[in-house]
Amino acid sequence: MPLERQPERQKDPKPANTCCNQTKYLWRSVFRKNVRGTPLKISTTMKHLPIYNKEYRDLLLDFKLYLERTGYNKGSREALPSCLREFFYRMEGLGIHGLDGIMPGHILEHWEYLRTRPSQRGGSLGESQINHHLYALKTFMNFREAVGDLESNPFGALAFPKPEHPPRKVLSTEEIKALYGACETLRDHAMLSLFYGCG
């Protein structure tokens with residue numbers, strides 16, 4: 001008895017050939033599980049976005065050295081260049097191949113893109129993550145302006161909403177007294193005084 005042919009699996013339709021769609025398509029592909037069933041990390045993904053423009057690659061290297069020499073911690077020295085790499089990746093897709101071609105509108109467009117970019121955990125990026133990307137761009141642009149590479153800082157005239165944080169709960173005087181009353185040793189009392197005095 002002849003075997004029935006299985007219907008061919010249809011491939012995902014390729015999005016329109018635009019920078020924004022290409023980048024979103026890349027992220028959707030990256031966030032699919034690998035052969036071991038483990039989702040790939042965002043930080044690892046951004047580190048490996050291809051940058052073909054030599055000027056951008058040199059600027060990334062200079063930025064890493066700047067962060068190291070000015071005392072940024074290890075986490076920032078890794079995360080901030082990764083955010084900048086994603087921005088350069090998108091600028092290449094728009095046909096902008098140099099620092100002098102980056103305008104305030106490009107940064108605004110990148111901010112709008114970040115607000116809709118997929119996150120590893122599903123949905124879009126959180127406000128704090130978006131703010132971290134903007135901080136990376138601002139730090140980089142200020143650095144290039146300080147060394148004389150920018151006549152006009154494209155980030156200088158821009159203002160973005162800051163992420164909202166829940167208000168802090170302040171203890172009452174009675175609650176503070178209760179905490180001190182619960183101290184059993186002088187060590188406990190000294191530690192509480194230290195923490196309370198530091199806010």
# chains A, B, ... in the order shown; residues from 1 in each chain; ligands from 1
call {"tool": "closest_atom_pairs", "arguments": {"of": "segment 92-157 of chain A", "to": "segment 162-185 of chain A", "cutoff": "9 Å", "atoms": "only C-alpha atoms", "output": "CSV"}}
result
residue,atom,partner,partner_atom,distance
A:Gly126,CA,A:Pro163,CA,8.9
A:Glu127,CA,A:Pro163,CA,5.4
A:Ser128,CA,A:Pro163,CA,5.9
A:Ile130,CA,A:Pro163,CA,8.8
A:Asn131,CA,A:Pro163,CA,7.1
call {"tool": "residues_around", "arguments": {"residues": "Leu84 of chain A", "least_positions_apart": "2", "cutoff": "9 Å", "atoms": "only C-alpha atoms", "output": "PyMOL selection string"}}
result
chain A and resi 60+79-82+86-89+133+136-137+140
call {"tool": "residues_around", "arguments": {"residues": "Asn142 of chain A", "least_positions_apart": "2", "cutoff": "12 Å", "atoms": "only C-alpha atoms", "output": "PyMOL selection string"}}
result
chain A and resi 63+66+135-140+144-156
call {"tool": "atom_distance", "arguments": {"atom1": "atom CA of Asp100 of chain A", "atom2": "atom CA of Tyr52 of chain A"}}
result
17.2 Å
call {"tool": "decode", "arguments": {"residues": "segment 89-120 of chain A", "atoms": "N, CA and C atoms", "output": "PDB file, in the first residue's frame"}}
result
ATOM      1  N   TYR A  89      23.573  48.448  15.368  1.00  0.00           N
ATOM      2  CA  TYR A  89      23.027  47.437  14.459  1.00  0.00           C
ATOM      3  C   TYR A  89      21.824  47.992  13.693  1.00  0.00           C
ATOM      4  N   ARG A  90      20.979  48.715  14.399  1.00  0.00           N
ATOM      5  CA  ARG A  90      19.800  49.287  13.749  1.00  0.00           C
ATOM      6  C   ARG A  90      20.176  50.463  12.863  1.00  0.00           C
ATOM      7  N   MET A  91      21.184  51.242  13.248  1.00  0.00           N
ATOM      8  CA  MET A  91      21.620  52.353  12.403  1.00  0.00           C
ATOM      9  C   MET A  91      22.179  51.822  11.077  1.00  0.00           C
ATOM     10  N   GLU A  92      22.908  50.727  11.129  1.00  0.00           N
ATOM     11  CA  GLU A  92      23.392  50.115   9.886  1.00  0.00           C
ATOM     12  C   GLU A  92      22.226  49.723   8.998  1.00  0.00           C
ATOM     13  N   GLY A  93      21.174  49.193   9.607  1.00  0.00           N
ATOM     14  CA  GLY A  93      20.004  48.808   8.828  1.00  0.00           C
ATOM     15  C   GLY A  93      19.315  49.989   8.167  1.00  0.00           C
ATOM     16  N   LEU A  94      19.480  51.175   8.750  1.00  0.00           N
ATOM     17  CA  LEU A  94      18.904  52.391   8.176  1.00  0.00           C
ATOM     18  C   LEU A  94      19.847  53.056   7.180  1.00  0.00           C
ATOM     19  N   GLY A  95      21.011  52.469   6.981  1.00  0.00           N
ATOM     20  CA  GLY A  95      21.973  53.040   6.035  1.00  0.00           C
ATOM     21  C   GLY A  95      22.803  54.169   6.609  1.00  0.00           C
ATOM     22  N   ILE A  96      22.877  54.275   7.933  1.00  0.00           N
ATOM     23  CA  ILE A  96      23.686  55.310   8.587  1.00  0.00           C
ATOM     24  C   ILE A  96      24.970  54.655   9.064  1.00  0.00           C
ATOM     25  N   HIS A  97      26.076  55.047   8.501  1.00  0.00           N
ATOM     26  CA  HIS A  97      27.335  54.354   8.730  1.00  0.00           C
ATOM     27  C   HIS A  97      28.388  55.229   9.391  1.00  0.00           C
ATOM     28  N   GLY A  98      27.953  56.247  10.107  1.00  0.00           N
ATOM     29  CA  GLY A  98      28.913  57.086  10.790  1.00  0.00           C
ATOM     30  C   GLY A  98      28.258  57.876  11.902  1.00  0.00           C
ATOM     31  N   LEU A  99      29.070  58.308  12.861  1.00  0.00           N
ATOM     32  CA  LEU A  99      28.547  59.036  14.001  1.00  0.00           C
ATOM     33  C   LEU A  99      27.926  60.365  13.597  1.00  0.00           C
ATOM     34  N   ASP A 100      28.470  60.987  12.557  1.00  0.00           N
ATOM     35  CA  ASP A 100      27.959  62.289  12.135  1.00  0.00           C
ATOM     36  C   ASP A 100      26.583  62.201  11.478  1.00  0.00           C
ATOM     37  N   GLY A 101      26.142  60.998  11.132  1.00  0.00           N
ATOM     38  CA  GLY A 101      24.827  60.839  10.513  1.00  0.00           C
ATOM     39  C   GLY A 101      23.704  60.565  11.502  1.00  0.00           C
ATOM     40  N   ILE A 102      24.049  60.414  12.781  1.00  0.00           N
ATOM     41  CA  ILE A 102      23.045  60.104  13.794  1.00  0.00           C
ATOM     42  C   ILE A 102      22.400  61.398  14.286  1.00  0.00           C
ATOM     43  N   MET A 103      21.090  61.486  14.164  1.00  0.00           N
ATOM     44  CA  MET A 103      20.332  62.674  14.536  1.00  0.00           C
ATOM     45  C   MET A 103      19.414  62.363  15.731  1.00  0.00           C
ATOM     46  N   PRO A 104      18.905  63.414  16.395  1.00  0.00           N
ATOM     47  CA  PRO A 104      17.971  63.176  17.507  1.00  0.00           C
ATOM     48  C   PRO A 104      16.784  62.299  17.122  1.00  0.00           C
ATOM     49  N   GLY A 105      16.302  62.460  15.878  1.00  0.00           N
ATOM     50  CA  GLY A 105      15.175  61.647  15.435  1.00  0.00           C
ATOM     51  C   GLY A 105      15.475  60.168  15.427  1.00  0.00           C
ATOM     52  N   HIS A 106      16.730  59.799  15.160  1.00  0.00           N
ATOM     53  CA  HIS A 106      17.101  58.384  15.171  1.00  0.00           C
ATOM     54  C   HIS A 106      17.035  57.819  16.590  1.00  0.00           C
ATOM     55  N   ILE A 107      17.441  58.622  17.571  1.00  0.00           N
ATOM     56  CA  ILE A 107      17.369  58.175  18.958  1.00  0.00           C
ATOM     57  C   ILE A 107      15.917  58.045  19.396  1.00  0.00           C
ATOM     58  N   LEU A 108      15.076  58.987  18.983  1.00  0.00           N
ATOM     59  CA  LEU A 108      13.648  58.896  19.304  1.00  0.00           C
ATOM     60  C   LEU A 108      13.021  57.652  18.670  1.00  0.00           C
ATOM     61  N   GLU A 109      13.395  57.383  17.425  1.00  0.00           N
ATOM     62  CA  GLU A 109      12.867  56.203  16.740  1.00  0.00           C
ATOM     63  C   GLU A 109      13.331  54.933  17.437  1.00  0.00           C
ATOM     64  N   HIS A 110      14.573  54.926  17.927  1.00  0.00           N
ATOM     65  CA  HIS A 110      15.096  53.763  18.646  1.00  0.00           C
ATOM     66  C   HIS A 110      14.347  53.562  19.958  1.00  0.00           C
ATOM     67  N   TRP A 111      14.015  54.655  20.619  1.00  0.00           N
ATOM     68  CA  TRP A 111      13.229  54.570  21.860  1.00  0.00           C
ATOM     69  C   TRP A 111      11.854  53.961  21.581  1.00  0.00           C
ATOM     70  N   GLU A 112      11.213  54.408  20.500  1.00  0.00           N
ATOM     71  CA  GLU A 112       9.917  53.833  20.133  1.00  0.00           C
ATOM     72  C   GLU A 112      10.055  52.343  19.821  1.00  0.00           C
ATOM     73  N   TYR A 113      11.143  51.973  19.172  1.00  0.00           N
ATOM     74  CA  TYR A 113      11.379  50.565  18.866  1.00  0.00           C
ATOM     75  C   TYR A 113      11.544  49.742  20.143  1.00  0.00           C
ATOM     76  N   LEU A 114      12.307  50.262  21.111  1.00  0.00           N
ATOM     77  CA  LEU A 114      12.542  49.539  22.360  1.00  0.00           C
ATOM     78  C   LEU A 114      11.244  49.300  23.121  1.00  0.00           C
ATOM     79  N   ARG A 115      10.296  50.191  22.962  1.00  0.00           N
ATOM     80  CA  ARG A 115       9.023  50.061  23.676  1.00  0.00           C
ATOM     81  C   ARG A 115       8.183  48.904  23.134  1.00  0.00           C
ATOM     82  N   THR A 116       8.501  48.416  21.954  1.00  0.00           N
ATOM     83  CA  THR A 116       7.745  47.314  21.361  1.00  0.00           C
ATOM     84  C   THR A 116       8.600  46.078  21.121  1.00  0.00           C
ATOM     85  N   ARG A 117       9.907  46.186  21.378  1.00  0.00           N
ATOM     86  CA  ARG A 117      10.778  45.026  21.130  1.00  0.00           C
ATOM     87  C   ARG A 117      10.442  43.884  22.072  1.00  0.00           C
ATOM     88  N   PRO A 118      10.417  42.650  21.570  1.00  0.00           N
ATOM     89  CA  PRO A 118      10.108  41.501  22.429  1.00  0.00           C
ATOM     90  C   PRO A 118      11.135  41.336  23.545  1.00  0.00           C
ATOM     91  N   SER A 119      10.656  40.876  24.664  1.00  0.00           N
ATOM     92  CA  SER A 119      11.519  40.552  25.792  1.00  0.00           C
ATOM     93  C   SER A 119      11.589  39.045  25.947  1.00  0.00           C
ATOM     94  N   GLN A 120      12.655  38.565  26.551  1.00  0.00           N
ATOM     95  CA  GLN A 120      12.825  37.130  26.735  1.00  0.00           C
ATOM     96  C   GLN A 120      11.693  36.539  27.570  1.00  0.00           C
TER      97      GLN A 120
END
